[in-house]
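As provided, upload24.csv (CSV, N, CA and C atoms) reads as follows.
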chain,number,residue,atom,x,y,z
A,15,MET,N,2.7,16.7,28.9
A,15,MET,CA,3.2,18.0,28.9
A,15,MET,C,3.3,18.5,30.4
A,16,PRO,N,4.4,19.0,30.8
A,16,PRO,CA,4.5,19.6,32.2
A,16,PRO,C,3.5,20.7,32.4
A,17,SER,N,3.0,20.8,33.6
A,17,SER,CA,2.2,22.0,34.0
A,17,SER,C,2.6,22.6,35.3
A,18,MET,N,2.1,23.8,35.5
A,18,MET,CA,2.4,24.6,36.7
A,18,MET,C,1.1,25.2,37.2
A,19,ASP,N,0.9,25.1,38.5
A,19,ASP,CA,-0.2,25.8,39.2
A,19,ASP,C,0.3,26.8,40.2
A,20,VAL,N,-0.4,27.9,40.2
A,20,VAL,CA,-0.1,29.0,41.2
A,20,VAL,C,-1.2,29.0,42.2
A,21,ALA,N,-0.8,28.9,43.5
A,21,ALA,CA,-1.8,29.0,44.6
A,21,ALA,C,-1.5,30.2,45.4
A,22,ALA,N,-2.5,31.1,45.5
A,22,ALA,CA,-2.3,32.3,46.3
A,22,ALA,C,-3.5,32.5,47.2
A,23,ALA,N,-3.3,33.0,48.4
A,23,ALA,CA,-4.3,33.3,49.4
A,23,ALA,C,-4.3,34.8,49.6
A,24,MET,N,-5.4,35.4,49.2
A,24,MET,CA,-5.5,36.9,49.3
A,24,MET,C,-6.7,37.2,50.3
A,25,TYR,N,-6.5,38.2,51.1
A,25,TYR,CA,-7.6,38.7,52.0
A,25,TYR,C,-8.0,40.1,51.5
A,26,VAL,N,-9.3,40.3,51.3
A,26,VAL,CA,-9.8,41.6,50.9
A,26,VAL,C,-10.9,42.0,51.8
A,27,THR,N,-10.8,43.3,52.2
A,27,THR,CA,-11.8,43.9,53.0
A,27,THR,C,-12.5,45.0,52.2
A,28,VAL,N,-13.8,45.1,52.2
A,28,VAL,CA,-14.5,46.2,51.5
A,28,VAL,C,-15.2,47.1,52.5
A,29,GLN,N,-15.3,48.3,52.0
A,29,GLN,CA,-16.0,49.3,52.9
A,29,GLN,C,-17.5,49.0,52.8
A,30,GLU,N,-18.1,48.7,53.9
A,30,GLU,CA,-19.5,48.3,54.0
A,30,GLU,C,-20.5,49.4,53.3
A,31,GLU,N,-20.3,50.6,53.6
A,31,GLU,CA,-21.2,51.7,53.1
A,31,GLU,C,-21.1,51.7,51.6
A,32,ARG,N,-19.9,51.6,51.0
A,32,ARG,CA,-19.7,51.7,49.6
A,32,ARG,C,-20.3,50.4,48.9
A,33,PHE,N,-20.2,49.3,49.6
A,33,PHE,CA,-20.8,48.0,49.1
A,33,PHE,C,-22.3,48.1,49.1
A,34,MET,N,-22.9,48.5,50.2
A,34,MET,CA,-24.3,48.6,50.3
A,34,MET,C,-25.0,49.6,49.4
A,35,ASN,N,-24.2,50.6,49.0
A,35,ASN,CA,-24.8,51.6,48.1
A,35,ASN,C,-24.3,51.5,46.6
A,36,PHE,N,-23.8,50.3,46.3
A,36,PHE,CA,-23.2,50.0,45.0
A,36,PHE,C,-24.4,49.9,43.9
A,37,PRO,N,-24.3,50.8,42.9
A,37,PRO,CA,-25.4,50.8,41.9
A,37,PRO,C,-25.3,49.6,41.0
A,38,LEU,N,-26.4,49.1,40.6
A,38,LEU,CA,-26.5,47.9,39.7
A,38,LEU,C,-25.8,48.2,38.3
A,39,LYS,N,-25.9,49.5,37.9
A,39,LYS,CA,-25.4,49.8,36.6
A,39,LYS,C,-23.9,49.6,36.5
A,40,ASP,N,-23.2,49.7,37.6
A,40,ASP,CA,-21.7,49.5,37.6
A,40,ASP,C,-21.3,48.1,38.1
A,41,ILE,N,-22.2,47.2,38.2
A,41,ILE,CA,-21.9,45.8,38.7
A,41,ILE,C,-20.8,45.1,37.9
A,42,LEU,N,-20.7,45.4,36.6
A,42,LEU,CA,-19.7,44.7,35.8
A,42,LEU,C,-18.4,45.5,35.6
A,43,ASN,N,-18.3,46.7,36.3
A,43,ASN,CA,-17.2,47.5,36.2
A,43,ASN,C,-16.2,47.1,37.3
A,44,PHE,N,-15.1,46.5,36.9
A,44,PHE,CA,-14.1,46.0,37.8
A,44,PHE,C,-13.5,47.2,38.7
A,45,SER,N,-13.3,48.3,38.0
A,45,SER,CA,-12.8,49.5,38.7
A,45,SER,C,-13.6,49.9,39.9
A,46,CYS,N,-15.0,49.8,39.7
A,46,CYS,CA,-15.9,50.1,40.8
A,46,CYS,C,-15.7,49.1,42.0
A,47,TRP,N,-15.6,47.9,41.7
A,47,TRP,CA,-15.4,46.9,42.7
A,47,TRP,C,-14.1,47.1,43.5
A,48,LEU,N,-13.0,47.4,42.7
A,48,LEU,CA,-11.7,47.7,43.3
A,48,LEU,C,-11.8,48.9,44.2
A,49,SER,N,-12.6,49.9,43.8
A,49,SER,CA,-12.7,51.2,44.6
A,49,SER,C,-13.4,51.0,46.0
A,50,THR,N,-14.0,49.8,46.2
A,50,THR,CA,-14.7,49.6,47.5
A,50,THR,C,-13.7,49.1,48.5
A,51,ILE,N,-12.5,48.8,48.1
A,51,ILE,CA,-11.4,48.3,49.0
A,51,ILE,C,-10.8,49.5,49.7
A,52,PRO,N,-10.7,49.6,51.0
A,52,PRO,CA,-10.0,50.7,51.7
A,52,PRO,C,-8.5,50.7,51.4
A,53,LEU,N,-7.9,51.8,51.4
A,53,LEU,CA,-6.4,51.9,51.2
A,53,LEU,C,-5.8,51.4,52.5
A,54,SER,N,-4.6,50.9,52.4
A,54,SER,CA,-3.9,50.3,53.6
A,54,SER,C,-3.8,51.2,54.8
A,55,GLU,N,-3.5,52.5,54.5
A,55,GLU,CA,-3.4,53.4,55.7
A,55,GLU,C,-4.8,53.7,56.4
A,56,LYS,N,-5.9,53.6,55.6
A,56,LYS,CA,-7.2,53.8,56.2
A,56,LYS,C,-7.7,52.5,56.8
A,57,ALA,N,-7.1,51.4,56.4
A,57,ALA,CA,-7.5,50.1,56.9
A,57,ALA,C,-6.6,49.6,58.1
A,58,ALA,N,-5.9,50.5,58.7
A,58,ALA,CA,-4.9,50.1,59.8
A,58,ALA,C,-5.7,49.4,60.9
A,59,PHE,N,-6.9,49.8,61.2
A,59,PHE,CA,-7.6,49.2,62.3
A,59,PHE,C,-8.2,47.9,62.0
A,60,ILE,N,-8.2,47.5,60.7
A,60,ILE,CA,-8.7,46.1,60.4
A,60,ILE,C,-7.6,45.3,59.8
A,61,ASP,N,-6.4,45.8,59.7
A,61,ASP,CA,-5.2,45.0,59.3
A,61,ASP,C,-5.2,44.6,57.8
A,62,VAL,N,-6.2,45.0,57.0
A,62,VAL,CA,-6.1,44.6,55.6
A,62,VAL,C,-7.0,45.5,54.8
A,63,GLY,N,-6.6,45.8,53.6
A,63,GLY,CA,-7.4,46.4,52.6
A,63,GLY,C,-7.5,45.3,51.5
A,64,LEU,N,-6.3,45.1,50.9
A,64,LEU,CA,-6.1,44.0,50.0
A,64,LEU,C,-4.7,43.5,50.3
A,65,ALA,N,-4.5,42.2,50.7
A,65,ALA,CA,-3.2,41.7,51.0
A,65,ALA,C,-3.1,40.3,50.6
A,66,MET,N,-1.9,39.9,50.1
A,66,MET,CA,-1.6,38.5,49.8
A,66,MET,C,-0.9,37.9,51.0
A,67,HIS,N,-1.4,36.7,51.5
A,67,HIS,CA,-0.8,36.1,52.6
A,67,HIS,C,-0.1,34.8,52.3
A,68,HIS,N,-0.3,34.3,51.1
A,68,HIS,CA,0.4,33.0,50.8
A,68,HIS,C,0.6,32.9,49.3
A,69,LEU,N,1.7,32.4,48.9
A,69,LEU,CA,2.0,32.2,47.5
A,69,LEU,C,2.7,30.9,47.3
A,70,ASP,N,2.3,30.1,46.4
A,70,ASP,CA,3.0,28.8,46.1
A,70,ASP,C,2.9,28.5,44.7
A,71,VAL,N,3.9,27.9,44.1
A,71,VAL,CA,3.9,27.5,42.7
A,71,VAL,C,4.1,26.0,42.7
A,72,LEU,N,3.2,25.2,42.1
A,72,LEU,CA,3.2,23.8,42.2
A,72,LEU,C,3.5,23.3,40.8
A,73,PHE,N,4.5,22.4,40.7
A,73,PHE,CA,4.9,21.8,39.4
A,73,PHE,C,4.6,20.4,39.4
A,74,ASP,N,3.8,19.9,38.4
A,74,ASP,CA,3.4,18.5,38.5
A,74,ASP,C,4.5,17.5,38.4
A,75,GLU,N,5.6,17.9,37.7
A,75,GLU,CA,6.8,17.0,37.5
A,75,GLU,C,8.0,17.6,38.2
A,76,GLY,N,7.9,18.6,39.0
A,76,GLY,CA,9.1,19.2,39.6
A,76,GLY,C,9.7,20.1,38.6
A,77,ILE,N,10.9,20.7,39.0
A,77,ILE,CA,11.7,21.5,38.1
A,77,ILE,C,12.9,20.7,37.7
A,78,HIS,N,13.1,20.7,36.4
A,78,HIS,CA,14.2,20.0,35.9
A,78,HIS,C,15.0,20.9,34.9
A,79,ALA,N,16.3,21.0,35.1
A,79,ALA,CA,17.1,21.8,34.2
A,79,ALA,C,17.8,20.9,33.2
A,80,LYS,N,17.9,21.3,32.0
A,80,LYS,CA,18.5,20.5,31.0
A,80,LYS,C,19.2,21.5,30.0
A,81,THR,N,20.4,21.2,29.5
A,81,THR,CA,21.0,22.0,28.5
A,81,THR,C,21.5,21.1,27.4
A,82,ALA,N,21.7,21.7,26.3
A,82,ALA,CA,22.3,21.0,25.1
A,82,ALA,C,23.1,22.1,24.3
A,83,CYS,N,24.3,21.8,24.0
A,83,CYS,CA,25.1,22.7,23.1
A,83,CYS,C,25.0,22.2,21.7
A,84,VAL,N,24.4,23.1,20.9
A,84,VAL,CA,24.2,22.7,19.5
A,84,VAL,C,25.5,23.0,18.7
A,85,SER,N,26.1,24.2,18.9
A,85,SER,CA,27.3,24.6,18.2
A,85,SER,C,28.1,25.4,19.2
A,86,CYS,N,29.0,24.7,19.9
A,86,CYS,CA,29.8,25.3,20.9
A,86,CYS,C,31.0,26.0,20.4
A,87,SER,N,31.2,27.3,20.8
A,87,SER,CA,32.4,28.0,20.5
A,87,SER,C,33.4,28.0,21.6
A,88,ASN,N,33.0,27.5,22.8
A,88,ASN,CA,33.9,27.4,23.9
A,88,ASN,C,33.8,26.0,24.5
A,89,SER,N,35.0,25.4,24.8
A,89,SER,CA,35.0,24.1,25.3
A,89,SER,C,34.3,23.9,26.7
A,90,TRP,N,34.3,25.0,27.4
A,90,TRP,CA,33.6,25.0,28.7
A,90,TRP,C,32.1,24.7,28.6
A,91,LEU,N,31.5,25.2,27.5
A,91,LEU,CA,30.1,25.0,27.3
A,91,LEU,C,29.7,23.5,27.1
A,92,GLU,N,30.6,22.7,26.6
A,92,GLU,CA,30.4,21.3,26.5
A,92,GLU,C,30.2,20.6,27.8
A,93,ASP,N,30.9,21.2,28.9
A,93,ASP,CA,30.7,20.6,30.2
A,93,ASP,C,29.5,21.1,31.0
A,94,LEU,N,28.8,22.1,30.4
A,94,LEU,CA,27.7,22.7,31.1
A,94,LEU,C,26.6,21.7,31.4
A,95,ASP,N,26.3,20.8,30.5
A,95,ASP,CA,25.3,19.8,30.6
A,95,ASP,C,25.6,18.9,31.9
A,96,SER,N,26.8,18.5,32.0
A,96,SER,CA,27.1,17.6,33.2
A,96,SER,C,27.1,18.4,34.5
A,97,ILE,N,27.4,19.7,34.4
A,97,ILE,CA,27.3,20.6,35.6
A,97,ILE,C,25.8,20.8,36.0
A,98,ILE,N,25.0,21.0,35.1
A,98,ILE,CA,23.5,21.2,35.3
A,98,ILE,C,23.0,19.9,35.9
A,99,ASP,N,23.3,18.8,35.3
A,99,ASP,CA,22.8,17.5,35.8
A,99,ASP,C,23.3,17.2,37.2
A,100,PHE,N,24.5,17.6,37.5
A,100,PHE,CA,25.0,17.4,38.9
A,100,PHE,C,24.2,18.3,39.9
A,101,LEU,N,24.0,19.5,39.5
A,101,LEU,CA,23.2,20.4,40.4
A,101,LEU,C,21.8,19.9,40.6
A,102,ASP,N,21.2,19.4,39.5
A,102,ASP,CA,19.8,18.9,39.6
A,102,ASP,C,19.7,17.6,40.4
A,103,GLU,N,20.7,16.8,40.3
A,103,GLU,CA,20.7,15.5,41.1
A,103,GLU,C,20.9,15.8,42.6
A,104,ASN,N,21.6,16.9,42.9
A,104,ASN,CA,21.8,17.3,44.3
A,104,ASN,C,20.8,18.3,44.9
A,105,GLN,N,19.7,18.4,44.3
A,105,GLN,CA,18.5,19.2,44.7
A,105,GLN,C,18.8,20.7,44.7
A,106,PHE,N,19.8,21.1,44.0
A,106,PHE,CA,20.1,22.6,44.0
A,106,PHE,C,19.0,23.4,43.3
A,107,ILE,N,18.5,22.8,42.2
A,107,ILE,CA,17.5,23.5,41.4
A,107,ILE,C,16.2,23.6,42.2
A,108,SER,N,15.8,22.5,42.9
A,108,SER,CA,14.6,22.6,43.7
A,108,SER,C,14.8,23.5,44.9
A,109,GLY,N,16.0,23.6,45.5
A,109,GLY,CA,16.3,24.5,46.6
A,109,GLY,C,16.2,25.9,46.1
A,110,LEU,N,16.7,26.2,44.9
A,110,LEU,CA,16.6,27.5,44.3
A,110,LEU,C,15.2,27.9,44.1
A,111,LYS,N,14.3,27.0,43.7
A,111,LYS,CA,12.9,27.3,43.6
A,111,LYS,C,12.3,27.7,44.9
A,112,THR,N,12.6,26.9,46.0
A,112,THR,CA,12.1,27.2,47.3
A,112,THR,C,12.5,28.6,47.8
A,113,ARG,N,13.8,28.9,47.6
A,113,ARG,CA,14.3,30.2,48.0
A,113,ARG,C,13.6,31.4,47.2
A,114,ALA,N,13.5,31.2,45.9
A,114,ALA,CA,12.8,32.2,45.0
A,114,ALA,C,11.4,32.4,45.5
A,115,LEU,N,10.7,31.4,45.8
A,115,LEU,CA,9.3,31.5,46.3
A,115,LEU,C,9.2,32.2,47.6
A,116,SER,N,10.2,31.9,48.5
A,116,SER,CA,10.3,32.6,49.8
A,116,SER,C,10.5,34.1,49.6
A,117,ILE,N,11.4,34.4,48.7
A,117,ILE,CA,11.7,35.9,48.5
A,117,ILE,C,10.5,36.5,47.8
A,118,ALA,N,9.8,35.9,46.9
A,118,ALA,CA,8.6,36.4,46.3
A,118,ALA,C,7.5,36.6,47.3
A,119,SER,N,7.4,35.7,48.2
A,119,SER,CA,6.3,35.8,49.2
A,119,SER,C,6.6,37.0,50.2
A,120,VAL,N,7.9,37.2,50.5
A,120,VAL,CA,8.2,38.3,51.4
A,120,VAL,C,8.0,39.6,50.7
A,121,LEU,N,8.3,39.7,49.4
A,121,LEU,CA,8.1,40.9,48.6
A,121,LEU,C,6.6,41.2,48.5
A,122,LEU,N,5.8,40.2,48.2
A,122,LEU,CA,4.3,40.4,48.1
A,122,LEU,C,3.7,40.9,49.4
A,123,LYS,N,4.3,40.6,50.5
A,123,LYS,CA,3.7,41.0,51.8
A,123,LYS,C,4.3,42.4,52.2
A,124,GLY,N,5.2,42.9,51.5
A,124,GLY,CA,5.9,44.1,51.9
A,124,GLY,C,5.3,45.4,51.5
A,125,ASP,N,5.8,46.5,52.0
A,125,ASP,CA,5.3,47.8,51.7
A,125,ASP,C,5.3,48.3,50.3
A,126,TRP,N,6.4,47.8,49.5
A,126,TRP,CA,6.5,48.2,48.1
A,126,TRP,C,5.3,47.7,47.3
A,127,VAL,N,4.9,46.5,47.5
A,127,VAL,CA,3.8,45.9,46.7
A,127,VAL,C,2.5,46.5,47.2
A,128,GLN,N,2.4,46.7,48.6
A,128,GLN,CA,1.2,47.4,49.1
A,128,GLN,C,1.0,48.8,48.6
A,129,GLY,N,2.1,49.5,48.4
A,129,GLY,CA,2.0,50.8,47.8
A,129,GLY,C,1.5,50.8,46.3
A,130,MET,N,1.9,49.8,45.6
A,130,MET,CA,1.4,49.6,44.2
A,130,MET,C,0.0,49.3,44.2
A,131,VAL,N,-0.5,48.4,45.1
A,131,VAL,CA,-1.9,48.1,45.3
A,131,VAL,C,-2.7,49.3,45.6
A,132,ASP,N,-2.2,50.1,46.6
A,132,ASP,CA,-2.9,51.3,46.9
A,132,ASP,C,-3.1,52.3,45.8
A,133,ARG,N,-2.0,52.4,44.9
A,133,ARG,CA,-2.1,53.3,43.8
A,133,ARG,C,-3.1,52.8,42.8
A,134,GLN,N,-3.3,51.5,42.6
A,134,GLN,CA,-4.3,50.9,41.7
A,134,GLN,C,-5.7,51.2,42.3
A,135,ILE,N,-5.8,51.1,43.6
A,135,ILE,CA,-7.2,51.4,44.2
A,135,ILE,C,-7.5,52.8,44.0
A,136,VAL,N,-6.6,53.8,44.1
A,136,VAL,CA,-6.9,55.2,43.9
A,136,VAL,C,-7.2,55.4,42.4
A,137,ALA,N,-6.5,54.8,41.5
A,137,ALA,CA,-6.7,54.9,40.1
A,137,ALA,C,-8.1,54.3,39.7
A,138,ALA,N,-8.5,53.2,40.4
A,138,ALA,CA,-9.8,52.6,40.1
A,138,ALA,C,-10.9,53.5,40.6
A,139,SER,N,-10.7,54.2,41.7
A,139,SER,CA,-11.7,55.2,42.1
A,139,SER,C,-12.0,56.3,41.1
A,140,GLN,N,-10.9,56.7,40.4
A,140,GLN,CA,-11.0,57.7,39.4
A,140,GLN,C,-11.6,57.2,38.1
A,141,ARG,N,-11.7,55.9,37.9
A,141,ARG,CA,-12.3,55.3,36.7
A,141,ARG,C,-13.8,54.8,37.0
A,142,CYS,N,-14.2,54.9,38.2
A,142,CYS,CA,-15.6,54.4,38.6
A,142,CYS,C,-16.6,55.5,38.5
A,143,PRO,N,-17.6,55.4,37.6
A,143,PRO,CA,-18.5,56.5,37.4
A,143,PRO,C,-19.3,57.0,38.7
A,144,HIS,N,-19.6,56.1,39.6
A,144,HIS,CA,-20.4,56.5,40.8
A,144,HIS,C,-19.5,56.9,42.0
A,145,ASP,N,-18.2,57.0,41.8
A,145,ASP,CA,-17.2,57.4,42.8
A,145,ASP,C,-17.1,58.9,42.8
A,146,SER,N,-16.9,59.5,44.0
A,146,SER,CA,-16.7,60.9,44.1
A,146,SER,C,-15.4,61.4,43.5
A,147,ALA,N,-14.4,60.5,43.3
A,147,ALA,CA,-13.1,60.8,42.8
A,147,ALA,C,-13.1,60.6,41.2
A,148,PHE,N,-14.3,60.3,40.6
A,148,PHE,CA,-14.4,60.0,39.2
A,148,PHE,C,-13.9,61.2,38.4
A,149,GLY,N,-13.2,60.9,37.3
A,149,GLY,CA,-12.8,62.0,36.4
A,149,GLY,C,-11.4,62.3,36.2
Let me see the file written as C-alpha cells.
Amino acid sequence: MPSMDVAAAMYVTVQEERFMNFPLKDILNFSCWLSTIPLSEKAAFIDVGLAMHHLDVLFDEGIHAKTACVSCSNSWLEDLDSIIDFLDENQFISGLKTRALSIASVLLKGDWVQGMVDRQIVAASQRCPHDSAFG
C-alpha cells in the first residue's frame, strides 16, 4: 500500500517568565502551553514566535495518476487515460507536486498564516486558567 510522510520544521520561542512560572496543575493543558508563545509582533526582536520554515511531502512510490472510464458519455473521456499516462511519463505530475509544495511552503511562511497562528495564541490565552486573559 502506498504511503505518504509529511516533514515539517517548525521553530517555537516561548516567553521565559511564563515558562518558569508555569503551574503544574496546567501541565496537560495544551492551551496553556500555546499561550507561552509570544505573538509575532511582540517577537520581532527574536524573529520568531511560532513559525514553519520547511515543509515537504514524501511519497514512498512517487505520485502516479491513473484514470479509467467505466461508463463514458463523451468520446473525449475515453482518451483521458492516454493523456494522463502521457503527462505522467513526461514528469508533469511530479513537477506539479513540486510546484504545489513550493506554493504551500511560501503560504506557510507568509503573513496570512502567521495571522492565523497569532489568533490561535490569543484564543489559547483566553482558555488557559492561569493566564491573565482567561475568561
Q. So which one's closest to A:Val131, A:Pro37, A:Gly149, A:Leu64, A:Thr27? Using all atoms listed in the file, please.
A.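 Under the stated criterion, the closest residue is A:Leu64.
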Q) Quick one: DSSP strand (DSSP E) residues in stretch 36-126 of chain A, as a list in words? A) Leu64, Ala65, Met66, His67, His68, Leu69, Asp70, Val71, Leu72 and Phe73 of chain A
Q: Go ahead and compute the interatomic distance for atom C of A:Ser87 and atom C of A:Glu103, in Å to one decimal.
A: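 Calculated distance between atom C of A:Ser87 and atom C of A:Glu103 is 27.3 Å.
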(Q) To one decimal place in Å, what is the distance between atom C of A:Asp145 and atom N of A:Gln128? (A)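 Result for atom C of A:Asp145 versus atom N of A:Gln128: 23.7 Å, one decimal.
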Q.
Can you tell me which residues surround A:Lys111 at a distance of at most 12 Å, considering only C-alpha atoms, apart from same-chain residues fewer than 2 positions away, and format the answer as a list of chain:residue names?
A. A:Asp70, A:Val71, A:Leu72, A:Phe73, A:Gly76, A:Ile77, A:His78, A:Ala79, A:Asp102, A:Gln105, A:Phe106, A:Ile107, A:Ser108, A:Gly109, A:Arg113, A:Ala114, A:Leu115, A:Ser116, A:Ile117, A:Ala118
**Q.** Two-atom distance - atom C of A:Ala138, atom CA of A:Met66 (Å)
**A.**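 Calculated distance between atom C of A:Ala138 and atom CA of A:Met66 is 19.9 Å.
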Q: Find, counting all atoms listed in the file, the residue in A:Arg141, A:Leu42, A:Pro52, A:Asp95 that gets nearest to A:Glu30.
A: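 Under the stated criterion, the closest residue is A:Pro52.
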May I ask you to restore all heavy atoms in stretch 108-117 of chain A and write the result as a PDB file, in the coordinates of the input?
ATOM      1  N   SER A 108      15.800  22.500  42.900  1.00  0.00           N
ATOM      2  CA  SER A 108      14.600  22.600  43.700  1.00  0.00           C
ATOM      3  C   SER A 108      14.800  23.500  44.900  1.00  0.00           C
ATOM      4  O   SER A 108      13.841  24.243  45.349  1.00  0.00           O
ATOM      5  CB  SER A 108      14.088  21.245  44.144  1.00  0.00           C
ATOM      6  OG  SER A 108      15.065  20.624  44.943  1.00  0.00           O
ATOM      7  N   GLY A 109      16.000  23.600  45.500  1.00  0.00           N
ATOM      8  CA  GLY A 109      16.300  24.500  46.600  1.00  0.00           C
ATOM      9  C   GLY A 109      16.200  25.900  46.100  1.00  0.00           C
ATOM     10  O   GLY A 109      15.749  26.811  46.842  1.00  0.00           O
ATOM     11  N   LEU A 110      16.700  26.200  44.900  1.00  0.00           N
ATOM     12  CA  LEU A 110      16.600  27.500  44.300  1.00  0.00           C
ATOM     13  C   LEU A 110      15.200  27.900  44.100  1.00  0.00           C
ATOM     14  O   LEU A 110      14.800  29.081  44.405  1.00  0.00           O
ATOM     15  CB  LEU A 110      17.344  27.496  42.968  1.00  0.00           C
ATOM     16  CG  LEU A 110      17.630  28.831  42.313  1.00  0.00           C
ATOM     17  CD1 LEU A 110      18.520  29.684  43.210  1.00  0.00           C
ATOM     18  CD2 LEU A 110      18.300  28.607  40.972  1.00  0.00           C
ATOM     19  N   LYS A 111      14.300  27.000  43.700  1.00  0.00           N
ATOM     20  CA  LYS A 111      12.900  27.300  43.600  1.00  0.00           C
ATOM     21  C   LYS A 111      12.300  27.700  44.900  1.00  0.00           C
ATOM     22  O   LYS A 111      11.533  28.650  45.030  1.00  0.00           O
ATOM     23  CB  LYS A 111      12.144  26.098  42.990  1.00  0.00           C
ATOM     24  CG  LYS A 111      10.636  26.241  42.969  1.00  0.00           C
ATOM     25  CD  LYS A 111       9.967  24.883  43.116  1.00  0.00           C
ATOM     26  CE  LYS A 111       8.677  25.066  43.823  1.00  0.00           C
ATOM     27  NZ  LYS A 111       8.213  24.019  44.626  1.00  0.00           N
ATOM     28  N   THR A 112      12.600  26.900  46.000  1.00  0.00           N
ATOM     29  CA  THR A 112      12.100  27.200  47.300  1.00  0.00           C
ATOM     30  C   THR A 112      12.500  28.600  47.800  1.00  0.00           C
ATOM     31  O   THR A 112      11.726  29.346  48.312  1.00  0.00           O
ATOM     32  CB  THR A 112      12.578  26.123  48.269  1.00  0.00           C
ATOM     33  OG1 THR A 112      12.154  24.848  47.790  1.00  0.00           O
ATOM     34  CG2 THR A 112      12.027  26.357  49.660  1.00  0.00           C
ATOM     35  N   ARG A 113      13.800  28.900  47.600  1.00  0.00           N
ATOM     36  CA  ARG A 113      14.300  30.200  48.000  1.00  0.00           C
ATOM     37  C   ARG A 113      13.600  31.400  47.200  1.00  0.00           C
ATOM     38  O   ARG A 113      13.294  32.401  47.741  1.00  0.00           O
ATOM     39  CB  ARG A 113      15.802  30.290  47.841  1.00  0.00           C
ATOM     40  CG  ARG A 113      16.517  29.460  48.886  1.00  0.00           C
ATOM     41  CD  ARG A 113      18.033  29.645  48.783  1.00  0.00           C
ATOM     42  NE  ARG A 113      18.691  28.678  49.629  1.00  0.00           N
ATOM     43  CZ  ARG A 113      19.330  27.596  49.179  1.00  0.00           C
ATOM     44  NH1 ARG A 113      19.405  27.362  47.888  1.00  0.00           N
ATOM     45  NH2 ARG A 113      19.887  26.755  50.016  1.00  0.00           N
ATOM     46  N   ALA A 114      13.500  31.200  45.900  1.00  0.00           N
ATOM     47  CA  ALA A 114      12.800  32.200  45.000  1.00  0.00           C
ATOM     48  C   ALA A 114      11.400  32.400  45.500  1.00  0.00           C
ATOM     49  O   ALA A 114      10.944  33.575  45.540  1.00  0.00           O
ATOM     50  CB  ALA A 114      12.903  31.766  43.577  1.00  0.00           C
ATOM     51  N   LEU A 115      10.700  31.400  45.800  1.00  0.00           N
ATOM     52  CA  LEU A 115       9.300  31.500  46.300  1.00  0.00           C
ATOM     53  C   LEU A 115       9.200  32.200  47.600  1.00  0.00           C
ATOM     54  O   LEU A 115       8.336  33.018  47.870  1.00  0.00           O
ATOM     55  CB  LEU A 115       8.582  30.168  46.341  1.00  0.00           C
ATOM     56  CG  LEU A 115       8.129  29.592  45.009  1.00  0.00           C
ATOM     57  CD1 LEU A 115       7.568  28.197  45.203  1.00  0.00           C
ATOM     58  CD2 LEU A 115       7.103  30.494  44.366  1.00  0.00           C
ATOM     59  N   SER A 116      10.200  31.900  48.500  1.00  0.00           N
ATOM     60  CA  SER A 116      10.300  32.600  49.800  1.00  0.00           C
ATOM     61  C   SER A 116      10.500  34.100  49.600  1.00  0.00           C
ATOM     62  O   SER A 116       9.833  34.903  50.250  1.00  0.00           O
ATOM     63  CB  SER A 116      11.363  31.950  50.595  1.00  0.00           C
ATOM     64  OG  SER A 116      11.498  32.612  51.818  1.00  0.00           O
ATOM     65  N   ILE A 117      11.400  34.400  48.700  1.00  0.00           N
ATOM     66  CA  ILE A 117      11.700  35.900  48.500  1.00  0.00           C
ATOM     67  C   ILE A 117      10.500  36.500  47.800  1.00  0.00           C
ATOM     68  O   ILE A 117      10.085  37.642  48.246  1.00  0.00           O
ATOM     69  CB  ILE A 117      12.925  36.011  47.554  1.00  0.00           C
ATOM     70  CG1 ILE A 117      14.178  35.601  48.322  1.00  0.00           C
ATOM     71  CG2 ILE A 117      13.059  37.440  47.023  1.00  0.00           C
ATOM     72  CD1 ILE A 117      15.410  35.445  47.456  1.00  0.00           C
TER      73      ILE A 117
END
